[in-house]
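Engineer: The structure under discussion is supplied below as structure tokens; questions concerning it will follow.
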Amino acid sequence: MRLGVLISGRGSNLQALIDAVAAADFPAEIAVVISNESDAYGLQRARAAGIATHTVDHRDFASRAAFEDALTAALAARGVELVCLAGFMRLLTDGFVQRWWDRLINIHPSLLPAFRGLHTHRQVLAAGVRFAGCTVHFVRPAMDDGPIIVQAAVPVQADDDEDRLAARVLAAEHQIYPLAVRLFADGRLRVEGARVIVRGGDV
Ligand code: GRF
């Protein structure tokens, strides 16, 4: 299974995927890493791992559709079968989501459907909830929406600030993103309406 990973920055989730696919029994490989920011640190991580990289700068295009056509062309040129958003900071239009329907997944640092959007950890702390977490889901046109593949919960601690909570959630992200990709690549996921059925039981 050939993966395309879309990033905009640090790329720690990309690194978790790079590390996971290095295992001989992992059922997928990263065919290309694409960033809309040419200086994204994640591009250096990819190059260090010998993975093809590509920059598609949204500022070079007159419309979102043209930008996304360039993304799709770069992904298709590498034979990508599953697109993984990993800190990709551009909203995607219906056209792109339809083009990659059920082959486009995202990681979000909350227990969706709670706390969509930006500043997730600030939202979590302001709400006073006792558990935070992260979600890998199939992408649908609405932001941070779509059938849930894997989630992990972590406790919120009394003395947490945004950074401490983010670090705890991020460690869980690095566990579940490779797990979700493995489930997909093993053909264990079936989307039924708003739900994902995992063959062989939930994880
Ligand atoms: C992660 O928290 C991810 O959940 C969110 O953006 C952040 C990206 O971090 N979508 P990184 O670039 O993978 O380190």
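Residues in the structure tokens are named by chain (A, B, ... in the order shown) and by number from 1 within that chain; ligands are numbered from 1 in the order shown.
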Neighbours of Leu111 of chain A within 9 Å (only C-alpha atoms; same-chain residues fewer than 2 positions away dropped), as a list in words?

Structural biologist: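 My list of contacting residues is His108, Pro109, Pro113, Ala114, Phe115, Arg116, Phe131, Ala132, Gly133, Cys134, Thr135, Gln151, Ala152 and Ala153 of chain A.
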
Engineer: Could you give me, as a tab-separated table (two decimals) with N, CA and C atoms, in the first residue's frame, every polymer residue with an atom at most 7 Å away from an atom of ligand 1, counting only C-alpha atoms and all ligand atoms?

Structural biologist:
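Dumped everything to pocket-v5.tsv:
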```tsv
chain	number	residue	atom	x	y	z
A	7	ILE	N	1.82	17.47	4.84
A	7	ILE	CA	2.23	18.17	6.06
A	7	ILE	C	2.33	19.67	5.79
A	8	SER	N	2.42	20.42	6.91
A	8	SER	CA	2.72	21.86	6.79
A	8	SER	C	3.85	22.29	7.71
A	9	GLY	N	4.26	21.42	8.64
A	9	GLY	CA	5.21	21.90	9.64
A	9	GLY	C	6.12	20.84	10.21
A	10	ARG	N	6.06	20.76	11.53
A	10	ARG	CA	7.01	19.97	12.34
A	10	ARG	C	7.13	18.51	11.91
A	11	GLY	N	6.01	17.87	11.65
A	11	GLY	CA	6.06	16.51	11.11
A	11	GLY	C	6.38	15.41	12.11
A	12	SER	N	5.97	15.59	13.36
A	12	SER	CA	6.25	14.51	14.32
A	12	SER	C	5.36	13.29	14.05
A	13	ASN	N	4.13	13.52	13.58
A	13	ASN	CA	3.30	12.37	13.18
A	13	ASN	C	3.85	11.69	11.93
A	14	LEU	N	4.36	12.50	11.00
A	14	LEU	CA	5.06	11.91	9.86
A	14	LEU	C	6.19	11.02	10.35
A	86	ALA	N	-1.22	15.04	8.05
A	86	ALA	CA	-0.47	15.01	9.30
A	86	ALA	C	0.00	16.43	9.61
A	87	GLY	N	-0.91	17.21	10.21
A	87	GLY	CA	-0.60	18.61	10.47
A	87	GLY	C	-0.58	19.42	9.19
A	88	PHE	N	-1.51	19.10	8.29
A	88	PHE	CA	-1.63	19.84	7.02
A	88	PHE	C	-2.63	20.96	7.26
A	107	ILE	N	-5.47	13.20	11.34
A	107	ILE	CA	-5.36	13.06	12.80
A	107	ILE	C	-5.65	14.41	13.43
A	108	HIS	N	-6.48	14.35	14.48
A	108	HIS	CA	-6.87	15.58	15.18
A	108	HIS	C	-6.64	15.36	16.67
A	109	PRO	N	-6.10	16.39	17.37
A	109	PRO	CA	-5.72	16.17	18.78
A	109	PRO	C	-6.85	16.38	19.77
A	134	CYS	N	-7.07	11.93	21.16
A	134	CYS	CA	-6.82	12.18	19.75
A	134	CYS	C	-7.61	11.17	18.91
A	170	LEU	N	0.15	14.25	22.13
A	170	LEU	CA	0.98	13.97	20.96
A	170	LEU	C	1.60	12.57	21.06
A	173	GLU	N	-0.94	10.36	19.85
A	173	GLU	CA	-1.09	10.48	18.39
A	173	GLU	C	-0.10	9.58	17.68
```

Engineer: Neighbours of Ile149 of chain A within 12 Å (only C-alpha atoms; same-chain residues fewer than 2 positions away dropped), as an NGL selection string?

Structural biologist: :A and (102 or 104-108 or 111-112 or 134-139 or 145-147 or 151-152 or 176-184 or 188-192 or 194-199 or 202-203)

Engineer: So which residues of segment 40-104 of chain A fall under alpha helix (DSSP H) by DSSP, listed as a PDB file with N, CA and C atoms, in the first residue's frame?

Structural biologist:
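Result saved to out36.pdb:
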```pdb
ATOM      1  N   TYR A  41       9.691  21.535   8.595  1.00  0.00           N
ATOM      2  CA  TYR A  41      10.739  20.654   9.130  1.00  0.00           C
ATOM      3  C   TYR A  41      10.481  19.194   8.743  1.00  0.00           C
ATOM      4  N   GLY A  42       9.232  18.841   8.595  1.00  0.00           N
ATOM      5  CA  GLY A  42       8.904  17.465   8.209  1.00  0.00           C
ATOM      6  C   GLY A  42       9.523  17.053   6.879  1.00  0.00           C
ATOM      7  N   LEU A  43       9.763  18.009   5.980  1.00  0.00           N
ATOM      8  CA  LEU A  43      10.408  17.667   4.700  1.00  0.00           C
ATOM      9  C   LEU A  43      11.825  17.160   4.950  1.00  0.00           C
ATOM     10  N   GLN A  44      12.501  17.760   5.929  1.00  0.00           N
ATOM     11  CA  GLN A  44      13.853  17.279   6.273  1.00  0.00           C
ATOM     12  C   GLN A  44      13.799  15.862   6.844  1.00  0.00           C
ATOM     13  N   ARG A  45      12.776  15.597   7.650  1.00  0.00           N
ATOM     14  CA  ARG A  45      12.622  14.239   8.198  1.00  0.00           C
ATOM     15  C   ARG A  45      12.458  13.233   7.052  1.00  0.00           C
ATOM     16  N   ALA A  46      11.643  13.609   6.064  1.00  0.00           N
ATOM     17  CA  ALA A  46      11.397  12.699   4.944  1.00  0.00           C
ATOM     18  C   ALA A  46      12.680  12.460   4.157  1.00  0.00           C
ATOM     19  N   ARG A  47      13.377  13.548   3.853  1.00  0.00           N
ATOM     20  CA  ARG A  47      14.627  13.413   3.068  1.00  0.00           C
ATOM     21  C   ARG A  47      15.637  12.551   3.813  1.00  0.00           C
ATOM     22  N   ALA A  48      15.704  12.745   5.138  1.00  0.00           N
ATOM     23  CA  ALA A  48      16.651  11.951   5.937  1.00  0.00           C
ATOM     24  C   ALA A  48      16.323  10.465   5.856  1.00  0.00           C
ATOM     25  N   ARG A  64      -8.253  27.531  -4.786  1.00  0.00           N
ATOM     26  CA  ARG A  64      -8.078  26.302  -4.010  1.00  0.00           C
ATOM     27  C   ARG A  64      -8.138  25.083  -4.916  1.00  0.00           C
ATOM     28  N   ALA A  65      -9.069  25.130  -5.886  1.00  0.00           N
ATOM     29  CA  ALA A  65      -9.227  23.973  -6.779  1.00  0.00           C
ATOM     30  C   ALA A  65      -7.944  23.709  -7.558  1.00  0.00           C
ATOM     31  N   ALA A  66      -7.297  24.775  -8.027  1.00  0.00           N
ATOM     32  CA  ALA A  66      -6.051  24.598  -8.797  1.00  0.00           C
ATOM     33  C   ALA A  66      -4.948  24.042  -7.899  1.00  0.00           C
ATOM     34  N   PHE A  67      -4.873  24.548  -6.669  1.00  0.00           N
ATOM     35  CA  PHE A  67      -3.901  24.038  -5.690  1.00  0.00           C
ATOM     36  C   PHE A  67      -4.134  22.541  -5.455  1.00  0.00           C
ATOM     37  N   GLU A  68      -5.388  22.184  -5.249  1.00  0.00           N
ATOM     38  CA  GLU A  68      -5.703  20.781  -4.955  1.00  0.00           C
ATOM     39  C   GLU A  68      -5.485  19.881  -6.174  1.00  0.00           C
ATOM     40  N   ASP A  69      -5.725  20.401  -7.354  1.00  0.00           N
ATOM     41  CA  ASP A  69      -5.423  19.618  -8.569  1.00  0.00           C
ATOM     42  C   ASP A  69      -3.937  19.290  -8.621  1.00  0.00           C
ATOM     43  N   ALA A  70      -3.116  20.254  -8.207  1.00  0.00           N
ATOM     44  CA  ALA A  70      -1.665  20.016  -8.194  1.00  0.00           C
ATOM     45  C   ALA A  70      -1.300  18.976  -7.130  1.00  0.00           C
ATOM     46  N   LEU A  71      -1.973  19.035  -5.986  1.00  0.00           N
ATOM     47  CA  LEU A  71      -1.752  18.006  -4.952  1.00  0.00           C
ATOM     48  C   LEU A  71      -2.103  16.629  -5.498  1.00  0.00           C
ATOM     49  N   THR A  72      -3.281  16.539  -6.098  1.00  0.00           N
ATOM     50  CA  THR A  72      -3.741  15.249  -6.622  1.00  0.00           C
ATOM     51  C   THR A  72      -2.800  14.734  -7.707  1.00  0.00           C
ATOM     52  N   ALA A  73      -2.326  15.628  -8.555  1.00  0.00           N
ATOM     53  CA  ALA A  73      -1.403  15.205  -9.619  1.00  0.00           C
ATOM     54  C   ALA A  73      -0.123  14.642  -9.013  1.00  0.00           C
ATOM     55  N   ALA A  74       0.401  15.311  -7.977  1.00  0.00           N
ATOM     56  CA  ALA A  74       1.646  14.851  -7.342  1.00  0.00           C
ATOM     57  C   ALA A  74       1.432  13.510  -6.637  1.00  0.00           C
ATOM     58  N   LEU A  75       0.271  13.348  -6.032  1.00  0.00           N
ATOM     59  CA  LEU A  75      -0.038  12.081  -5.344  1.00  0.00           C
ATOM     60  C   LEU A  75      -0.220  10.953  -6.360  1.00  0.00           C
ATOM     61  N   ALA A  76      -0.986  11.244  -7.403  1.00  0.00           N
ATOM     62  CA  ALA A  76      -1.268  10.212  -8.405  1.00  0.00           C
ATOM     63  C   ALA A  76       0.014   9.806  -9.129  1.00  0.00           C
ATOM     64  N   ALA A  77       0.901  10.779  -9.365  1.00  0.00           N
ATOM     65  CA  ALA A  77       2.163  10.483 -10.071  1.00  0.00           C
ATOM     66  C   ALA A  77       3.003   9.464  -9.307  1.00  0.00           C
ATOM     67  N   ASP A  94     -14.627  20.255  -1.157  1.00  0.00           N
ATOM     68  CA  ASP A  94     -15.400  19.035  -1.449  1.00  0.00           C
ATOM     69  C   ASP A  94     -14.783  18.250  -2.601  1.00  0.00           C
ATOM     70  N   GLY A  95     -14.271  18.971  -3.593  1.00  0.00           N
ATOM     71  CA  GLY A  95     -13.730  18.294  -4.771  1.00  0.00           C
ATOM     72  C   GLY A  95     -12.590  17.359  -4.423  1.00  0.00           C
ATOM     73  N   PHE A  96     -11.676  17.824  -3.587  1.00  0.00           N
ATOM     74  CA  PHE A  96     -10.536  16.989  -3.185  1.00  0.00           C
ATOM     75  C   PHE A  96     -11.017  15.836  -2.307  1.00  0.00           C
ATOM     76  N   VAL A  97     -11.921  16.152  -1.392  1.00  0.00           N
ATOM     77  CA  VAL A  97     -12.430  15.103  -0.493  1.00  0.00           C
ATOM     78  C   VAL A  97     -13.147  14.017  -1.289  1.00  0.00           C
ATOM     79  N   GLN A  98     -13.910  14.425  -2.309  1.00  0.00           N
ATOM     80  CA  GLN A  98     -14.609  13.434  -3.145  1.00  0.00           C
ATOM     81  C   GLN A  98     -13.609  12.607  -3.953  1.00  0.00           C
ATOM     82  N   ARG A  99     -12.576  13.268  -4.447  1.00  0.00           N
ATOM     83  CA  ARG A  99     -11.583  12.566  -5.268  1.00  0.00           C
ATOM     84  C   ARG A  99     -10.906  11.436  -4.489  1.00  0.00           C
TER      85      ARG A  99
END
```

Engineer: Can you tell me, as a compact mmCIF listing (two decimals) with N, CA and C atoms, in the first residue's frame, what residues are no more than 8 Å from Val83 of chain A when counting only C-alpha atoms, ignoring any on the same chain fewer than 2 positions away?

Structural biologist:
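Just written: result-v2.txt:
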```txt
# COMPACT_ATOMS: atom_id res chain seq x y z
N LEU A 3 1.48 5.15 0.48
CA LEU A 3 0.96 6.30 1.23
C LEU A 3 1.51 7.61 0.68
N GLY A 4 0.66 8.62 0.72
CA GLY A 4 1.12 10.00 0.53
C GLY A 4 0.82 10.75 1.81
N VAL A 5 1.79 11.47 2.34
CA VAL A 5 1.60 12.19 3.59
C VAL A 5 1.67 13.69 3.29
N LEU A 6 0.65 14.42 3.72
CA LEU A 6 0.59 15.87 3.52
C LEU A 6 0.87 16.57 4.84
N VAL A 80 -0.11 6.93 -5.24
CA VAL A 80 -0.61 6.92 -3.86
C VAL A 80 -2.02 6.33 -3.80
N GLU A 81 -2.21 5.47 -2.79
CA GLU A 81 -3.51 4.81 -2.58
C GLU A 81 -4.22 5.29 -1.32
N LEU A 85 -3.27 13.04 6.14
CA LEU A 85 -3.02 14.42 6.56
C LEU A 85 -2.35 14.37 7.92
N TRP A 100 -10.73 11.67 -3.17
CA TRP A 100 -10.01 10.70 -2.33
C TRP A 100 -10.95 10.06 -1.29
N ARG A 103 -10.27 7.32 1.15
CA ARG A 103 -8.83 7.06 0.99
C ARG A 103 -8.04 8.27 1.48
N LEU A 104 -8.66 9.03 2.36
CA LEU A 104 -8.10 10.28 2.89
C LEU A 104 -8.37 10.31 4.38
N ILE A 105 -7.30 10.31 5.19
CA ILE A 105 -7.49 10.27 6.64
C ILE A 105 -6.72 11.42 7.29
```

Engineer: Closest to Met143 of chain A among A:Gly117, A:Gly200, A:Gly128, A:Pro27, using only C-alpha atoms?

Structural biologist: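 Of A:Gly117, A:Gly200, A:Gly128, A:Pro27, the one nearest Met143 of chain A is A:Gly117, counting only C-alpha atoms.
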
Engineer: From chain A, collect each residue whose DSSP state is strand (DSSP E) and return the set as an mmCIF file with N, CA and C atoms, in the first residue's frame.

Structural biologist:
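Output below, filename states15.cif:
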```
data_model
loop_
_atom_site.group_PDB
_atom_site.id
_atom_site.type_symbol
_atom_site.label_atom_id
_atom_site.label_comp_id
_atom_site.auth_asym_id
_atom_site.auth_seq_id
_atom_site.Cartn_x
_atom_site.Cartn_y
_atom_site.Cartn_z
ATOM 1 N N ARG A 2 0.606 2.126 -0.942
ATOM 2 C CA ARG A 2 1.453 3.321 -1.084
ATOM 3 C C ARG A 2 0.774 4.534 -0.444
ATOM 4 N N LEU A 3 1.483 5.154 0.485
ATOM 5 C CA LEU A 3 0.956 6.296 1.228
ATOM 6 C C LEU A 3 1.508 7.606 0.679
ATOM 7 N N GLY A 4 0.662 8.623 0.718
ATOM 8 C CA GLY A 4 1.118 9.996 0.526
ATOM 9 C C GLY A 4 0.819 10.753 1.806
ATOM 10 N N VAL A 5 1.795 11.465 2.336
ATOM 11 C CA VAL A 5 1.598 12.194 3.593
ATOM 12 C C VAL A 5 1.671 13.688 3.293
ATOM 13 N N LEU A 6 0.648 14.416 3.725
ATOM 14 C CA LEU A 6 0.595 15.867 3.520
ATOM 15 C C LEU A 6 0.873 16.566 4.843
ATOM 16 N N ILE A 7 1.825 17.472 4.838
ATOM 17 C CA ILE A 7 2.229 18.173 6.056
ATOM 18 C C ILE A 7 2.326 19.670 5.788
ATOM 19 N N GLU A 29 4.075 1.612 2.609
ATOM 20 C CA GLU A 29 5.301 2.410 2.479
ATOM 21 C C GLU A 29 4.903 3.843 2.160
ATOM 22 N N ILE A 30 5.784 4.779 2.476
ATOM 23 C CA ILE A 30 5.498 6.186 2.172
ATOM 24 C C ILE A 30 6.084 6.495 0.796
ATOM 25 N N ALA A 31 5.197 6.770 -0.158
ATOM 26 C CA ALA A 31 5.632 7.004 -1.536
ATOM 27 C C ALA A 31 6.077 8.443 -1.740
ATOM 28 N N VAL A 32 5.448 9.372 -1.010
ATOM 29 C CA VAL A 32 5.812 10.788 -1.155
ATOM 30 C C VAL A 32 5.302 11.577 0.046
ATOM 31 N N VAL A 33 6.066 12.597 0.413
ATOM 32 C CA VAL A 33 5.640 13.564 1.426
ATOM 33 C C VAL A 33 5.509 14.907 0.728
ATOM 34 N N ILE A 34 4.355 15.518 0.873
ATOM 35 C CA ILE A 34 4.092 16.792 0.201
ATOM 36 C C ILE A 34 3.783 17.851 1.257
ATOM 37 N N SER A 35 4.399 19.012 1.100
ATOM 38 C CA SER A 35 4.133 20.136 1.999
ATOM 39 C C SER A 35 3.696 21.352 1.200
ATOM 40 N N THR A 53 10.137 13.937 -1.733
ATOM 41 C CA THR A 53 9.375 15.076 -1.200
ATOM 42 C C THR A 53 8.991 16.013 -2.337
ATOM 43 N N HIS A 54 7.992 16.819 -2.024
ATOM 44 C CA HIS A 54 7.450 17.713 -3.028
ATOM 45 C C HIS A 54 6.849 18.903 -2.288
ATOM 46 N N THR A 55 7.085 20.112 -2.776
ATOM 47 C CA THR A 55 6.391 21.275 -2.216
ATOM 48 C C THR A 55 5.353 21.756 -3.214
ATOM 49 N N LEU A 82 -3.459 5.828 -0.373
ATOM 50 C CA LEU A 82 -4.041 6.381 0.857
ATOM 51 C C LEU A 82 -3.317 7.683 1.169
ATOM 52 N N VAL A 83 -4.106 8.747 1.375
ATOM 53 C CA VAL A 83 -3.537 10.061 1.698
ATOM 54 C C VAL A 83 -3.707 10.300 3.194
ATOM 55 N N CYS A 84 -2.599 10.614 3.861
ATOM 56 C CA CYS A 84 -2.594 10.864 5.306
ATOM 57 C C CYS A 84 -2.302 12.338 5.565
ATOM 58 N N LEU A 85 -3.273 13.041 6.140
ATOM 59 C CA LEU A 85 -3.023 14.418 6.556
ATOM 60 C C LEU A 85 -2.346 14.373 7.919
ATOM 61 N N LEU A 104 -8.662 9.034 2.364
ATOM 62 C CA LEU A 104 -8.097 10.284 2.890
ATOM 63 C C LEU A 104 -8.374 10.312 4.384
ATOM 64 N N ILE A 105 -7.301 10.307 5.191
ATOM 65 C CA ILE A 105 -7.488 10.273 6.641
ATOM 66 C C ILE A 105 -6.717 11.419 7.291
ATOM 67 N N ASN A 106 -7.160 11.753 8.497
ATOM 68 C CA ASN A 106 -6.599 12.901 9.222
ATOM 69 C C ASN A 106 -6.411 12.526 10.681
ATOM 70 N N ILE A 107 -5.471 13.196 11.341
ATOM 71 C CA ILE A 107 -5.360 13.064 12.796
ATOM 72 C C ILE A 107 -5.650 14.409 13.427
ATOM 73 N N HIS A 108 -6.481 14.352 14.480
ATOM 74 C CA HIS A 108 -6.872 15.578 15.184
ATOM 75 C C HIS A 108 -6.639 15.365 16.673
ATOM 76 N N PHE A 131 -10.757 14.192 30.542
ATOM 77 C CA PHE A 131 -9.996 13.396 29.571
ATOM 78 C C PHE A 131 -9.851 14.173 28.268
ATOM 79 N N ALA A 132 -8.671 14.086 27.711
ATOM 80 C CA ALA A 132 -8.398 14.605 26.367
ATOM 81 C C ALA A 132 -8.045 13.399 25.506
ATOM 82 N N GLY A 133 -7.580 13.640 24.294
ATOM 83 C CA GLY A 133 -7.211 12.510 23.463
ATOM 84 C C GLY A 133 -7.012 12.913 22.028
ATOM 85 N N CYS A 134 -7.069 11.933 21.161
ATOM 86 C CA CYS A 134 -6.815 12.181 19.747
ATOM 87 C C CYS A 134 -7.606 11.174 18.910
ATOM 88 N N THR A 135 -7.791 11.535 17.647
ATOM 89 C CA THR A 135 -8.665 10.776 16.760
ATOM 90 C C THR A 135 -8.049 10.686 15.372
ATOM 91 N N VAL A 136 -8.051 9.492 14.792
ATOM 92 C CA VAL A 136 -7.779 9.352 13.353
ATOM 93 C C VAL A 136 -9.117 9.029 12.687
ATOM 94 N N HIS A 137 -9.437 9.792 11.641
ATOM 95 C CA HIS A 137 -10.748 9.636 11.000
ATOM 96 C C HIS A 137 -10.650 9.818 9.493
ATOM 97 N N PHE A 138 -11.590 9.213 8.791
ATOM 98 C CA PHE A 138 -11.745 9.507 7.363
ATOM 99 C C PHE A 138 -12.233 10.946 7.222
ATOM 100 N N ILE A 148 -14.844 7.675 12.392
ATOM 101 C CA ILE A 148 -13.697 7.523 13.297
ATOM 102 C C ILE A 148 -13.075 6.143 13.144
ATOM 103 N N ILE A 149 -11.760 6.126 12.971
ATOM 104 C CA ILE A 149 -11.019 4.861 12.810
ATOM 105 C C ILE A 149 -10.438 4.405 14.149
ATOM 106 N N VAL A 150 -9.682 5.271 14.806
ATOM 107 C CA VAL A 150 -9.072 4.947 16.102
ATOM 108 C C VAL A 150 -9.079 6.202 16.967
ATOM 109 N N GLN A 151 -9.292 6.010 18.265
ATOM 110 C CA GLN A 151 -9.120 7.098 19.222
ATOM 111 C C GLN A 151 -8.276 6.612 20.387
ATOM 112 N N ALA A 152 -7.620 7.550 21.047
ATOM 113 C CA ALA A 152 -6.945 7.256 22.319
ATOM 114 C C ALA A 152 -7.270 8.380 23.282
ATOM 115 N N ALA A 153 -7.509 8.022 24.540
ATOM 116 C CA ALA A 153 -7.789 9.012 25.584
ATOM 117 C C ALA A 153 -6.590 9.128 26.514
ATOM 118 N N VAL A 154 -6.361 10.343 26.995
ATOM 119 C CA VAL A 154 -5.337 10.568 28.023
ATOM 120 C C VAL A 154 -5.959 11.454 29.096
ATOM 121 N N PRO A 155 -5.495 11.326 30.359
ATOM 122 C CA PRO A 155 -6.068 12.169 31.410
ATOM 123 C C PRO A 155 -5.620 13.617 31.286
ATOM 124 N N LEU A 189 -10.856 -2.178 7.427
ATOM 125 C CA LEU A 189 -11.809 -1.096 7.693
ATOM 126 C C LEU A 189 -12.907 -1.066 6.646
ATOM 127 N N ARG A 190 -14.139 -0.932 7.127
ATOM 128 C CA ARG A 190 -15.273 -0.763 6.226
ATOM 129 C C ARG A 190 -16.110 0.396 6.760
ATOM 130 N N VAL A 191 -16.396 1.362 5.886
ATOM 131 C CA VAL A 191 -17.189 2.518 6.297
ATOM 132 C C VAL A 191 -18.658 2.199 6.067
ATOM 133 N N GLU A 192 -19.442 2.330 7.129
ATOM 134 C CA GLU A 192 -20.894 2.122 7.048
ATOM 135 C C GLU A 192 -21.555 3.374 7.562
ATOM 136 N N ARG A 195 -20.077 5.413 10.520
ATOM 137 C CA ARG A 195 -19.236 4.560 11.372
ATOM 138 C C ARG A 195 -18.212 3.790 10.560
ATOM 139 N N VAL A 196 -17.127 3.434 11.238
ATOM 140 C CA VAL A 196 -16.154 2.508 10.661
ATOM 141 C C VAL A 196 -16.270 1.178 11.392
ATOM 142 N N ILE A 197 -16.483 0.123 10.637
ATOM 143 C CA ILE A 197 -16.486 -1.226 11.198
ATOM 144 C C ILE A 197 -15.071 -1.788 11.019
ATOM 145 N N VAL A 198 -14.498 -2.277 12.114
ATOM 146 C CA VAL A 198 -13.155 -2.861 12.074
ATOM 147 C C VAL A 198 -13.282 -4.380 12.077
#
```

Engineer: Atom CA of Gln175 of chain A and atom CA of Phe26 of chain A, how far apart in Å?

Structural biologist: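 Rounded to one decimal, the two atoms are 14.1 Å apart.
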
Engineer: So, with only C-alpha atoms as the atoms that count, which of A:Arg90, A:Val21, A:Ala52, A:Gln15 lies closest to Glu37 of chain A?

Structural biologist: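 Ranking A:Arg90, A:Val21, A:Ala52, A:Gln15 by distance to Glu37 of chain A, first place goes to A:Arg90.
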
Engineer: Taking only C-alpha atoms into account, which of A:Leu165, A:Met89, A:Ala158, A:Ala20 comes nearest Val124 of chain A?

Structural biologist: A:Leu165

Engineer: Compare A:Ala127, A:Ala16, A:Ile51, A:Ala22 by their minimum atom-to-atom distance to Arg78 of chain A, counting only C-alpha atoms, and give me the closest one.

Structural biologist: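 Selected residue with least distance to Arg78 of chain A: A:Ile51.
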
Engineer: What's around Leu125 of chain A at 8 Å? Count only C-alpha atoms, leave out sequence neighbours fewer than 4 positions away in its own chain, and write the answer as a count of residues only.

Structural biologist: 4

Engineer: Quick one: of A:Ala62, A:Ala172, A:Val156, A:Ala166, who's nearest to Arg130 of chain A, counting only C-alpha atoms?

Structural biologist: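 Smallest distance to Arg130 of chain A is found for A:Val156.
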
Engineer: Given the choices A:His174, A:Met1, A:Ser38, A:Leu118, which gets closest to Leu17 of chain A if the distance is worked out from only C-alpha atoms?

Structural biologist: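 Between A:His174, A:Met1, A:Ser38, A:Leu118, the residue approaching Leu17 of chain A most closely is A:His174.
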